[in-house]
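First comes the structure, then the notes that go with it.
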Amino acid sequence: MPGLGTSFGRGGATTAPSDLLNSDAILIMGSNMAENHPVGFQWVVEARERGTQVIHVDPRFSRTSAMANIWAPLRSGSDILFLGGLIHYVLENGKDFREYVIHYTNASFILPEDFKDTEDLGGVFSGWDAKNKKYDASSWLYEGCAEGGKAVARHNAPHSGHCKYGAGTAADLIDCKRDLTLDHPRCVYQVLKRHFARYTPELVERFCGVSQERFLKIADTFCSASGPEKTGAICYALGWTQQSKGPQIIRAAAILQLLLGNMGRPGGGILALRGHASIQGSTDIPTLYDILPGYLPMPNLGLDSQSLADYVAKHRDKTGWWWNFDKYIVSLLKAYYGEAGSRENEWGFNWLPRVIGDHSHQGYFLEMLDGKIEGLFVMGQNPAVAGPNSRVERKALAKLKWLVVRDLVELETASFWQDSPEVERGELKPEEIGTEVFLLPAAGHAEKDGCFTNTQRLLQWHQKAVDPPGDARSETWFMYHLGRRLKEKAKQDPRPRNAGLNALTWDYSLEGKLQEPSVEEILQEINGYTVADRRLVSGFGELKADGSTACGCWIYSGVFPRPDENRANQRCSRDLLGHGWGFAWPADRRILYNRASARPDGRPWSERKKLVWWDENKKEWTGLDVPDFTRTKAPDYQPPNNACGDDALAGDKPFILHPDGTGWIWAPKGLADGPLPTHYESLESPVCNPLYPGQQSNPAALKEERSENQYASSPDERFPYVMSTYRLTEHHTSGAMSRMLPHLAELQPEFFCEISPELAAERGVENGGWVTIMTPRGIVEARALVTPRMWPLLINGKMVHQIGVPYHWGYRGLVKGDSANDLVAISEEPNVRIMEAKGILCNLSPGRRAQGKAALDELNFFLGGS
Amino acid sequence: MPISAFLTDPSVCIGCKACEVACKEWNQIPDDGFEWYGQSYDNTHALGASTWRHVLFLEQKQPMGSQLAGTDEPFRWQFLSDVCKHCANAGCLEACPTGAIVRTEIGSVYVQPDVCNGCGYCIVSCPFGVIDRRSTEGLAFKCTFCYDRQAAGLMPACAKACPTQSIQFGEINDLRQRAKTRVEQLQQRGYEDAQVYDPQQTSVGGIHAFFVILGKPEEYNFPPAPQVPTIHLKTAWTYALASAAALLLVVCGAFFL
Amino acid sequence: MLKDTLTRWPFIRQILSGGDGTGVEAMSARTRNLRPRHESAEVARSVCPYCAVGCGQLVYHKNGKLISIEGDPASFISRGRLCPKGSDSFELLTHANRETRVKYRRPYSTKWAELDLETAMDMIAARVWDTRERTLIEERNGEVLMHTTAMAHLGGATLDNEENYLIKKLFAAGLGMVCISNQARI
């Protein structure tokens, strides 16, 4: 989220797969789209057939590469070098879309003198606190705001990157000093140029492993898809995000797209390809610790939590859309606590729990391992196979007092106490595990009503066809009836600690013999209503901060504007962008920031690339999409002095959530690890950082080093190969939805790894034979698929072998195998706390691993014996 | 009734195997065993009684049109979804002694499981090695061309699912024209070895599931000149008659001598 | 009647049709009457539960039973197409390994036991109440904390928005749980 959020304002894909048909070039990187989003990929294939240039940059030659016009191999973890190379190419060759860059980005903003770049400080930006391993980001703010001097930090929030556009230093960033000639030595454009000056084609060749010729061909092809007549799109997925610098890779892509003028325009944008049916939805309405629905931050003890007024003051921006922050939080509290919330008790703000640190998956599993967690609910996830360092995750489960697992099948997480490798190896003994386990069968998608939010921010309703079998129930049913029981207990016990639970609105109608709560009523609560008469609101524009409206997720407001109009259930698509089908947040806008599809004066950049434009006669924005802009704000609108909110943004500022209305080439706030992306090696790497010998990897990333979670050094003779985990078309994540199904299990029936013929020869491995792969965390065995689709790369004069390891297998199912995640470390990227599963170091040897307890001896001997 | 056909075009196939699964789901076919073959991503191995669409994975050291792929030497990864060819002169049908295999009004070759007695004569008579017997039922099975779906005007399951329209379904003459146009288009784009695989000149007399291929048919395990085994009948009978006559002559000669 | 009986006889059919005995005249009654099995079924408009592309699905069902699932041609996203996983959605809901009863494992036990759903719900509610009672911290240094870190939740990216909404609402806003996480990390 923060990669896109800080750059543009919202943490969601800015475009849709079908819009790729409008692209002149498509760069797919960090994604294996053909394999993991095959039906979305139809648009890429169709575009290619019409002449679009498709570029795939990836360590492996995958099914996506097979369909591309150009493929380039890449050393895992060197993405910022490659993208930085493209940015360098654009700047050196004057390929930026200058009119767009001047008006719609912050390239012209002047930076303060006390800002120092990584190029000045040997790999860290100014503000680095080496002792506490975090940045004071105040020197990243712009210089010379209206009052003169430097932008003043309002507060320095902890970095919980999911909220709003990240977190970090809050400040008022309007009317700052700019140089529209872009010549000022401290303007963003010039700083950017210096920052990426060393990202030359030679450097790319030496450290990414892409020949200069191939790199320049890609640079020329992609950067030509720019200007009034052309656009290019970038697609990414977990190849970028599962790195210790994931959001910064996305930032590099965002910078490139802003320089090329590709944002907000048809065939442009950045398409984040999400991996689960509602992964976008589960951050919008989060089952995450650091945010509330609609990207409002969870209150943080001691930082913003003293009062609602304090919390709002810290998070509300004076200018731009987030001026409305108070309306959204108060409406959410009204949805949660209903009548019990009043102005006097700040709508129940004090009933919300405060966060005090890292309560993410990675963070709390280590706490669990230390016995600090009693109970865990797992719903539709399988950490015993899919979690990083899954050995640790399985052992942590054994420390719980109780575990509730809800899924369609008995997956590894539910049966860790019975048949996990740890039981086989004698590390866990069932008769010594005190965890009480409840496995509750869940309902499938055709057995319940509800909506998913897909990769393009589109809410789509799935209608219930049949009842779930036996005792299987939806999560809605489970949560409602669990809540009902707990509220009954709380009712008997009116202590303050139960006030929030007692206040919680929980009066959904029950339907049918299963007593299923009405899912439409829940979506209506999410949509929002007026408190007095429970009239559904038509959109977030109606929300108020005075307690008169309730809204469960402001960005979804408008999805259910009338009792008989569930827009997620609309199925009459009218055009390529699907208007009439589903509901795209916000306000059914399909391409975000689409004001930028018109020139500053409001006319389309070209007939070929028109999308939204100013209708001079009607005095409003119109076009082929819902304008992502105040409909009647003229292109030449200039804000009056001291204007607030959206009124403070001029008519040529398309990025309305940003306080300055521009696309952020430079991120003055919002990221924990720097205002610009810079190349760091992975936490484990076969080479030293070529740019900053003194700063090998992302200084702000957490390694969580402990005996169960060790790292190789960089480089490490014991672990010379670079491996990445990934998915295959034929399976789904940890396999619970594929390994148990005969028609999918047969397609990829065994755990394998992909290696090059050169590495196979070097290690004496035969195609189809067994190999053992080890990292400091674990040991697994896999079948070897020796294939010319893997190439060794010459990196800085040394041959580097890469290994591909799909992660779908576990110890249950029709097809079983070791879990690749046993090899991955628990690590935390500083903004979103994701683990690094791409570009880690490993060893590979021919033959099977030892079985049972001996496997651990083999690993320990290997670790200790060198 | 118009004659139906499949046109399978590997130049847009992404090797996802949706066709295999959609086919098995619609036709309620059991799995084909959980064996890993180590042959690229192909683990269903071949067409058979329980795999009626099969995606081939070909890793070749050849260029793919103007694609920039390999580093030092050219490389391409091709996918092709193979299927029963529904031959104009079908070996299986001609060999079937029970009348279980019939030619339908849409031109397809359909095995009637309620008539089949599992004799297996069809298996050896298929020049493409498509039809096979499933041990659990003891009967012969192969692609039905979704005869049940076509009866209601619906597209076969594989063609419907195919994400990139690598499998096209339609009227045979129309598809033959599309295949021809596609080959011309590919050749113009630098795929010099593109051609249609539709052996009309051999005794199978053309097929109802043809392919746009790059390179030689053999690379896809297609026989370059498939023949219906029954073409050998005439010569076999001639030889038999000739031998009988010769034998008669010898016997008669023995009397006279 | 007699005519009907006679014309069903393949030999007569062959003579009447003038065929060679390998065409429609050789079809059995089953073959002649083949129709798609979802022909008279009801259909629910749905969305594929696997990846995030969000392909449209048509879920055919009859008398409370699923018949088949295939792509929805009207969807502007997928245009009726599905990948192998989407194509396998019917099997996802109907395969033999699917659990349909509550399974319960007592502490230190080596095997699963059965449990009635309502009993399981009561027991889970009791565990939650008990853990929360002991671990909820209302204040720290005079400031409201109102949280417990002793209970955690994992999962959500495969669930519906409404489900995630209730999870966050009850667990965080109602119970004070802060350890809430799912697959979506970025």
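The way I read the labels, and the way they are meant: chains A, B, ... in the order of the structure tokens, residue 1 as the first residue of every chain, and ligand 1 as the first ligand shown, with later ones counted on from there.
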- Message: Can you pull out the residues contacting His359 (chain A)? Cut-off 9 Å, using only C-alpha atoms, and skip same-chain residues under 5 positions away; I want them as a ChimeraX atom specification.
- Response: /A:288-290,364 /C:149,152,178-181
- Message: What parts of region 5-74 of chain B does DSSP call alpha helix (DSSP H)? I'd like the answer as a ChimeraX atom specification.
- Response: /B:18-27
- Note on the structure: Restricting to only C-alpha atoms, whichever of C:Asn141, C:Thr158, C:Thr22, C:Ser109 is closest to Gly54 (chain C) is C:Thr158
- Task: Please return as a PyMOL selection string: the residues of region 378-580 of chain A that backbone DSSP assigns to strand (DSSP E).
- Result: chain A and resi 378-379+402-407+436-441+450-453+458-462+510-511+516-517+529-530+549-550
Residues from the last selection, C-alpha atoms, saved as a short mmCIF file (atom, residue, chain, number, x, y, z; two decimals), in the first residue's frame:
```
data_model
loop_
_atom_site.label_atom_id
_atom_site.label_comp_id
_atom_site.auth_asym_id
_atom_site.auth_seq_id
_atom_site.Cartn_x
_atom_site.Cartn_y
_atom_site.Cartn_z
CA VAL A 378 -7.09 -18.70 11.71
CA MET A 379 -9.61 -18.12 8.92
CA TRP A 402 -6.41 -22.71 22.14
CA LEU A 403 -6.58 -22.53 18.38
CA VAL A 404 -9.64 -22.05 16.20
CA VAL A 405 -9.16 -22.92 12.54
CA ARG A 406 -11.89 -22.27 10.01
CA ASP A 407 -11.40 -23.68 6.53
CA GLU A 436 -6.86 -27.17 22.33
CA VAL A 437 -7.82 -27.19 18.65
CA PHE A 438 -11.21 -26.45 17.10
CA LEU A 439 -11.47 -27.09 13.37
CA LEU A 440 -14.70 -25.57 12.08
CA PRO A 441 -15.78 -26.25 8.51
CA GLY A 450 -21.00 -11.39 0.03
CA CYS A 451 -18.56 -9.37 -1.99
CA PHE A 452 -14.89 -9.54 -2.80
CA THR A 453 -12.78 -6.56 -3.82
CA LEU A 458 -13.81 -3.52 -7.85
CA LEU A 459 -16.41 -4.78 -5.39
CA GLN A 460 -18.22 -7.76 -6.88
CA TRP A 461 -21.07 -9.55 -5.17
CA HIS A 462 -21.29 -13.33 -5.28
CA LEU A 510 -31.16 -13.43 10.79
CA GLU A 511 -32.28 -15.39 7.78
CA GLU A 516 -27.38 -16.47 8.81
CA PRO A 517 -27.09 -12.72 9.41
CA TYR A 529 -26.49 5.84 6.61
CA THR A 530 -27.93 8.82 8.40
CA THR A 549 -23.97 9.78 9.95
CA ALA A 550 -22.58 6.26 10.36
#
```
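Picture a line from CA of Asp88 (chain C) to CA of Trp36 (chain B); it runs 20.1 Å.
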Using only C-alpha atoms and a distance of at most 6 Å, pull out the residues of chain B that contact chain C, as a PDB file with N, CA and C atoms, in the first residue's frame.
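Result went into iface.pdb, see below:
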```pdb
ATOM      1  N   LYS B  17      -3.461 -24.795 -18.713  1.00  0.00           N
ATOM      2  CA  LYS B  17      -4.175 -26.060 -18.519  1.00  0.00           C
ATOM      3  C   LYS B  17      -5.628 -25.877 -18.090  1.00  0.00           C
ATOM      4  N   ALA B  18      -6.172 -24.692 -18.286  1.00  0.00           N
ATOM      5  CA  ALA B  18      -7.603 -24.507 -17.989  1.00  0.00           C
ATOM      6  C   ALA B  18      -8.429 -25.475 -18.817  1.00  0.00           C
ATOM      7  N   VAL B  21      -8.612 -28.909 -17.192  1.00  0.00           N
ATOM      8  CA  VAL B  21      -9.464 -28.964 -16.000  1.00  0.00           C
ATOM      9  C   VAL B  21     -10.928 -28.738 -16.354  1.00  0.00           C
ATOM     10  N   ALA B  22     -11.191 -27.765 -17.220  1.00  0.00           N
ATOM     11  CA  ALA B  22     -12.586 -27.489 -17.592  1.00  0.00           C
ATOM     12  C   ALA B  22     -13.199 -28.729 -18.223  1.00  0.00           C
ATOM     13  N   VAL B 102     -19.709 -43.495 -33.093  1.00  0.00           N
ATOM     14  CA  VAL B 102     -20.558 -42.992 -34.173  1.00  0.00           C
ATOM     15  C   VAL B 102     -20.091 -41.629 -34.646  1.00  0.00           C
ATOM     16  N   ARG B 103     -20.502 -41.329 -35.866  1.00  0.00           N
ATOM     17  CA  ARG B 103     -20.276 -40.005 -36.436  1.00  0.00           C
ATOM     18  C   ARG B 103     -21.544 -39.196 -36.166  1.00  0.00           C
ATOM     19  N   THR B 104     -21.382 -38.068 -35.489  1.00  0.00           N
ATOM     20  CA  THR B 104     -22.580 -37.281 -35.152  1.00  0.00           C
ATOM     21  C   THR B 104     -22.913 -36.308 -36.269  1.00  0.00           C
ATOM     22  N   ASP B 148     -22.950 -33.212 -25.573  1.00  0.00           N
ATOM     23  CA  ASP B 148     -24.122 -32.818 -24.780  1.00  0.00           C
ATOM     24  C   ASP B 148     -24.303 -31.302 -24.784  1.00  0.00           C
ATOM     25  N   ARG B 149     -23.209 -30.572 -24.649  1.00  0.00           N
ATOM     26  CA  ARG B 149     -23.307 -29.106 -24.647  1.00  0.00           C
ATOM     27  C   ARG B 149     -23.692 -28.593 -26.036  1.00  0.00           C
ATOM     28  N   ALA B 151     -25.430 -30.004 -28.141  1.00  0.00           N
ATOM     29  CA  ALA B 151     -26.840 -30.280 -28.396  1.00  0.00           C
ATOM     30  C   ALA B 151     -27.713 -29.095 -27.993  1.00  0.00           C
ATOM     31  N   ALA B 161     -13.444 -22.100 -21.590  1.00  0.00           N
ATOM     32  CA  ALA B 161     -12.578 -21.685 -20.483  1.00  0.00           C
ATOM     33  C   ALA B 161     -11.321 -20.976 -20.977  1.00  0.00           C
ATOM     34  N   CYS B 162     -10.806 -21.367 -22.122  1.00  0.00           N
ATOM     35  CA  CYS B 162      -9.480 -20.907 -22.570  1.00  0.00           C
ATOM     36  C   CYS B 162      -9.320 -19.389 -22.403  1.00  0.00           C
ATOM     37  N   PRO B 163      -8.408 -18.961 -21.512  1.00  0.00           N
ATOM     38  CA  PRO B 163      -8.297 -17.529 -21.210  1.00  0.00           C
ATOM     39  C   PRO B 163      -7.867 -16.664 -22.389  1.00  0.00           C
TER      40      PRO B 163
END
```
- Measuring atom to atom with only C-alpha atoms, identify which of A:Leu501, A:Ile826, A:Met799, A:Leu841 is nearest to chain C. A:Leu501
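Once His808 (chain A) and its same-chain neighbours fewer than 6 positions away are set aside, Val385, Ala386, Tyr726, Arg727, Leu728, His731, His732, Thr733, Ser734, Gly735, Ala736, Ser738, Arg739, Phe751, Gly817, Asp818, Ser819 and Ala820 of chain A remain within 9 Å of it when counting only C-alpha atoms.
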Output C-alpha atoms of each residue in that selection to a file, as a short mmCIF file (atom, residue, chain, number, x, y, z; two decimals), in the first residue's frame.
```
data_model
loop_
_atom_site.label_atom_id
_atom_site.label_comp_id
_atom_site.auth_asym_id
_atom_site.auth_seq_id
_atom_site.Cartn_x
_atom_site.Cartn_y
_atom_site.Cartn_z
CA VAL A 385 2.83 -23.96 5.17
CA ALA A 386 2.59 -20.39 3.91
CA TYR A 726 6.71 -18.40 -6.07
CA ARG A 727 3.42 -19.84 -7.23
CA LEU A 728 2.38 -21.97 -10.17
CA HIS A 731 -1.91 -24.48 -7.38
CA HIS A 732 -3.13 -21.84 -4.99
CA THR A 733 -0.87 -20.49 -2.25
CA SER A 734 -0.34 -23.06 0.52
CA GLY A 735 -2.37 -25.62 -1.39
CA ALA A 736 -5.48 -25.90 0.78
CA SER A 738 -5.63 -27.07 -4.73
CA ARG A 739 -3.60 -29.91 -3.22
CA PHE A 751 7.45 -30.37 -4.83
CA GLY A 817 5.94 -32.43 -0.14
CA ASP A 818 8.24 -30.31 1.94
CA SER A 819 7.33 -26.67 2.38
CA ALA A 820 9.55 -24.10 0.73
#
```
- Query: Using only C-alpha atoms, which residue out of C:Ala172, C:Ile15, C:Arg132, C:Glu139 lies closest to chain A?
  - Reply: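 Using only C-alpha atoms, chain A sits closest to C:Ala172.
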- Task: Select residues of chain A: the criterion is any atom within 9 Å of an atom of chain B, counting only C-alpha atoms; output as a ChimeraX atom specification.
- Result: /A:34-35,38-43,45-46,49,61-73,210-211,214,729-730,742-750,752,767-769,783-789,791,814-815
N, CA and C atoms of the current selection, written as a short mmCIF file (atom, residue, chain, number, x, y, z; two decimals), in the first residue's frame:
```
data_model
loop_
_atom_site.label_atom_id
_atom_site.label_comp_id
_atom_site.auth_asym_id
_atom_site.auth_seq_id
_atom_site.Cartn_x
_atom_site.Cartn_y
_atom_site.Cartn_z
N ALA A 34 1.03 -14.27 -16.41
CA ALA A 34 0.39 -15.33 -17.19
C ALA A 34 0.08 -16.54 -16.32
N GLU A 35 0.92 -16.80 -15.32
CA GLU A 35 0.71 -17.97 -14.49
C GLU A 35 -0.20 -17.68 -13.31
N PRO A 38 -4.01 -15.72 -14.95
CA PRO A 38 -4.11 -16.11 -16.37
C PRO A 38 -5.26 -15.43 -17.09
N VAL A 39 -6.37 -15.26 -16.41
CA VAL A 39 -7.52 -14.69 -17.12
C VAL A 39 -7.36 -13.18 -17.28
N GLY A 40 -6.69 -12.55 -16.33
CA GLY A 40 -6.35 -11.14 -16.49
C GLY A 40 -5.35 -10.97 -17.63
N PHE A 41 -4.52 -11.99 -17.81
CA PHE A 41 -3.47 -11.92 -18.83
C PHE A 41 -4.05 -11.95 -20.25
N GLN A 42 -5.32 -12.35 -20.39
CA GLN A 42 -5.91 -12.35 -21.73
C GLN A 42 -5.81 -10.96 -22.36
N TRP A 43 -5.86 -9.92 -21.52
CA TRP A 43 -5.81 -8.56 -22.04
C TRP A 43 -4.41 -8.22 -22.53
N VAL A 45 -2.31 -10.51 -23.77
CA VAL A 45 -2.14 -11.25 -25.03
C VAL A 45 -2.87 -10.52 -26.16
N GLU A 46 -4.07 -10.07 -25.85
CA GLU A 46 -4.83 -9.38 -26.90
C GLU A 46 -4.15 -8.07 -27.30
N GLU A 49 -1.28 -8.83 -29.51
CA GLU A 49 -1.75 -9.14 -30.86
C GLU A 49 -2.07 -7.88 -31.65
N PHE A 61 12.58 -17.63 -16.79
CA PHE A 61 11.80 -17.55 -18.02
C PHE A 61 10.53 -18.34 -17.76
N SER A 62 9.46 -17.61 -17.47
CA SER A 62 8.22 -18.26 -17.06
C SER A 62 7.22 -18.25 -18.21
N ARG A 63 6.01 -18.67 -17.92
CA ARG A 63 4.97 -18.66 -18.95
C ARG A 63 4.65 -17.23 -19.38
N THR A 64 4.92 -16.27 -18.51
CA THR A 64 4.76 -14.86 -18.90
C THR A 64 5.85 -14.47 -19.90
N SER A 65 7.07 -14.88 -19.59
CA SER A 65 8.18 -14.56 -20.50
C SER A 65 7.92 -15.13 -21.88
N ALA A 66 7.35 -16.34 -21.90
CA ALA A 66 7.11 -17.02 -23.17
C ALA A 66 6.20 -16.20 -24.07
N MET A 67 5.35 -15.38 -23.46
CA MET A 67 4.39 -14.61 -24.25
C MET A 67 4.85 -13.17 -24.51
N ALA A 68 5.99 -12.79 -23.95
CA ALA A 68 6.45 -11.40 -24.06
C ALA A 68 7.17 -11.17 -25.38
N ASN A 69 7.21 -9.91 -25.82
CA ASN A 69 8.04 -9.56 -26.96
C ASN A 69 9.51 -9.54 -26.54
N ILE A 70 9.73 -9.05 -25.32
CA ILE A 70 11.10 -8.96 -24.82
C ILE A 70 11.14 -9.52 -23.41
N TRP A 71 12.10 -10.39 -23.17
CA TRP A 71 12.31 -10.87 -21.81
C TRP A 71 13.74 -10.55 -21.41
N ALA A 72 13.92 -10.17 -20.17
CA ALA A 72 15.28 -10.00 -19.66
C ALA A 72 15.39 -10.73 -18.34
N PRO A 73 16.48 -11.46 -18.15
CA PRO A 73 16.68 -12.10 -16.86
C PRO A 73 17.13 -11.05 -15.86
N VAL A 210 21.65 -8.14 -16.73
CA VAL A 210 20.98 -7.87 -18.01
C VAL A 210 21.97 -7.21 -18.94
N SER A 211 22.14 -7.73 -20.13
CA SER A 211 23.10 -7.12 -21.04
C SER A 211 22.68 -5.68 -21.34
N ARG A 214 20.23 -5.49 -24.20
CA ARG A 214 18.85 -5.85 -23.86
C ARG A 214 18.21 -4.75 -22.99
N THR A 729 0.58 -21.77 -11.77
CA THR A 729 -0.83 -21.66 -12.18
C THR A 729 -1.70 -22.74 -11.55
N GLU A 730 -1.11 -23.93 -11.45
CA GLU A 730 -1.93 -25.10 -11.13
C GLU A 730 -2.29 -25.20 -9.65
N PRO A 742 -8.39 -33.37 -6.79
CA PRO A 742 -7.73 -34.25 -7.77
C PRO A 742 -7.36 -33.56 -9.07
N HIS A 743 -8.26 -32.73 -9.60
CA HIS A 743 -7.99 -32.16 -10.92
C HIS A 743 -6.90 -31.10 -10.92
N LEU A 744 -6.59 -30.57 -9.77
CA LEU A 744 -5.46 -29.64 -9.69
C LEU A 744 -4.21 -30.35 -9.20
N ALA A 745 -4.39 -31.24 -8.23
CA ALA A 745 -3.24 -31.93 -7.64
C ALA A 745 -2.46 -32.70 -8.70
N GLU A 746 -3.17 -33.28 -9.68
CA GLU A 746 -2.48 -34.09 -10.68
C GLU A 746 -1.63 -33.24 -11.62
N LEU A 747 -1.91 -31.96 -11.70
CA LEU A 747 -1.20 -31.12 -12.67
C LEU A 747 0.21 -30.77 -12.21
N GLN A 748 0.40 -30.64 -10.91
CA GLN A 748 1.74 -30.39 -10.36
C GLN A 748 1.82 -31.22 -9.08
N PRO A 749 2.08 -32.51 -9.24
CA PRO A 749 1.88 -33.42 -8.11
C PRO A 749 3.05 -33.50 -7.13
N GLU A 750 4.13 -32.81 -7.40
CA GLU A 750 5.25 -32.98 -6.48
C GLU A 750 6.03 -31.68 -6.31
N PHE A 752 8.96 -29.45 -6.45
CA PHE A 752 10.17 -29.44 -7.28
C PHE A 752 10.83 -28.08 -7.22
N ASN A 767 18.08 -34.29 -14.14
CA ASN A 767 16.68 -33.89 -14.22
C ASN A 767 15.80 -35.00 -13.65
N GLY A 768 14.87 -34.65 -12.81
CA GLY A 768 13.99 -35.64 -12.21
C GLY A 768 14.54 -36.25 -10.93
N GLY A 769 15.82 -36.01 -10.67
CA GLY A 769 16.41 -36.56 -9.45
C GLY A 769 16.04 -35.72 -8.23
N ARG A 783 12.24 -32.46 -6.01
CA ARG A 783 12.68 -33.03 -7.28
C ARG A 783 13.30 -31.91 -8.11
N ALA A 784 14.31 -32.26 -8.88
CA ALA A 784 15.00 -31.25 -9.68
C ALA A 784 14.41 -31.18 -11.07
N LEU A 785 13.95 -29.99 -11.45
CA LEU A 785 13.53 -29.77 -12.83
C LEU A 785 14.64 -28.96 -13.48
N VAL A 786 15.46 -29.66 -14.25
CA VAL A 786 16.59 -28.99 -14.89
C VAL A 786 16.09 -28.42 -16.21
N THR A 787 16.24 -27.11 -16.37
CA THR A 787 15.60 -26.48 -17.52
C THR A 787 16.41 -25.30 -18.04
N PRO A 788 16.49 -25.18 -19.36
CA PRO A 788 17.17 -24.00 -19.93
C PRO A 788 16.40 -22.71 -19.68
N ARG A 789 15.25 -22.78 -19.02
CA ARG A 789 14.53 -21.56 -18.64
C ARG A 789 15.19 -20.87 -17.46
N TRP A 791 18.78 -19.41 -16.20
CA TRP A 791 20.10 -19.04 -16.71
C TRP A 791 20.99 -18.62 -15.54
N LEU A 814 -3.69 -34.64 -1.25
CA LEU A 814 -3.52 -35.74 -2.21
C LEU A 814 -2.08 -35.80 -2.68
N VAL A 815 -1.45 -34.66 -2.77
CA VAL A 815 -0.03 -34.63 -3.11
C VAL A 815 0.70 -33.85 -2.02
#
```
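Once region 134-141 of chain B and its same-chain neighbours fewer than 6 positions away are set aside, Gly48, Ala49, Ser50, Trp52, Val111, Gln112, Pro113, Cys116, Asn117, Gly118, Cys119, Gly120, Cys122 and Ile123 of chain B remain within 9 Å of it when counting only C-alpha atoms.
Atom pair CA of Leu93 (chain C) / CA of Ala446 (chain A): separated by 8.1 Å.
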- Task: Quick one: everything within 6 Å of Thr14 (chain A), counting only C-alpha atoms, minus sequence neighbours fewer than 5 positions away in the same chain. Send it as a PyMOL selection string.
- Result: chain A and resi 269-270+591-592
- With a distance cut-off of 8 Å and only C-alpha atoms, select the neighbouring residues of Gly107 (chain B), excluding the residue or stretch itself and same-chain residues fewer than 5 positions from it, and output the selection as a ChimeraX atom specification. /B:3-4,86,88,208
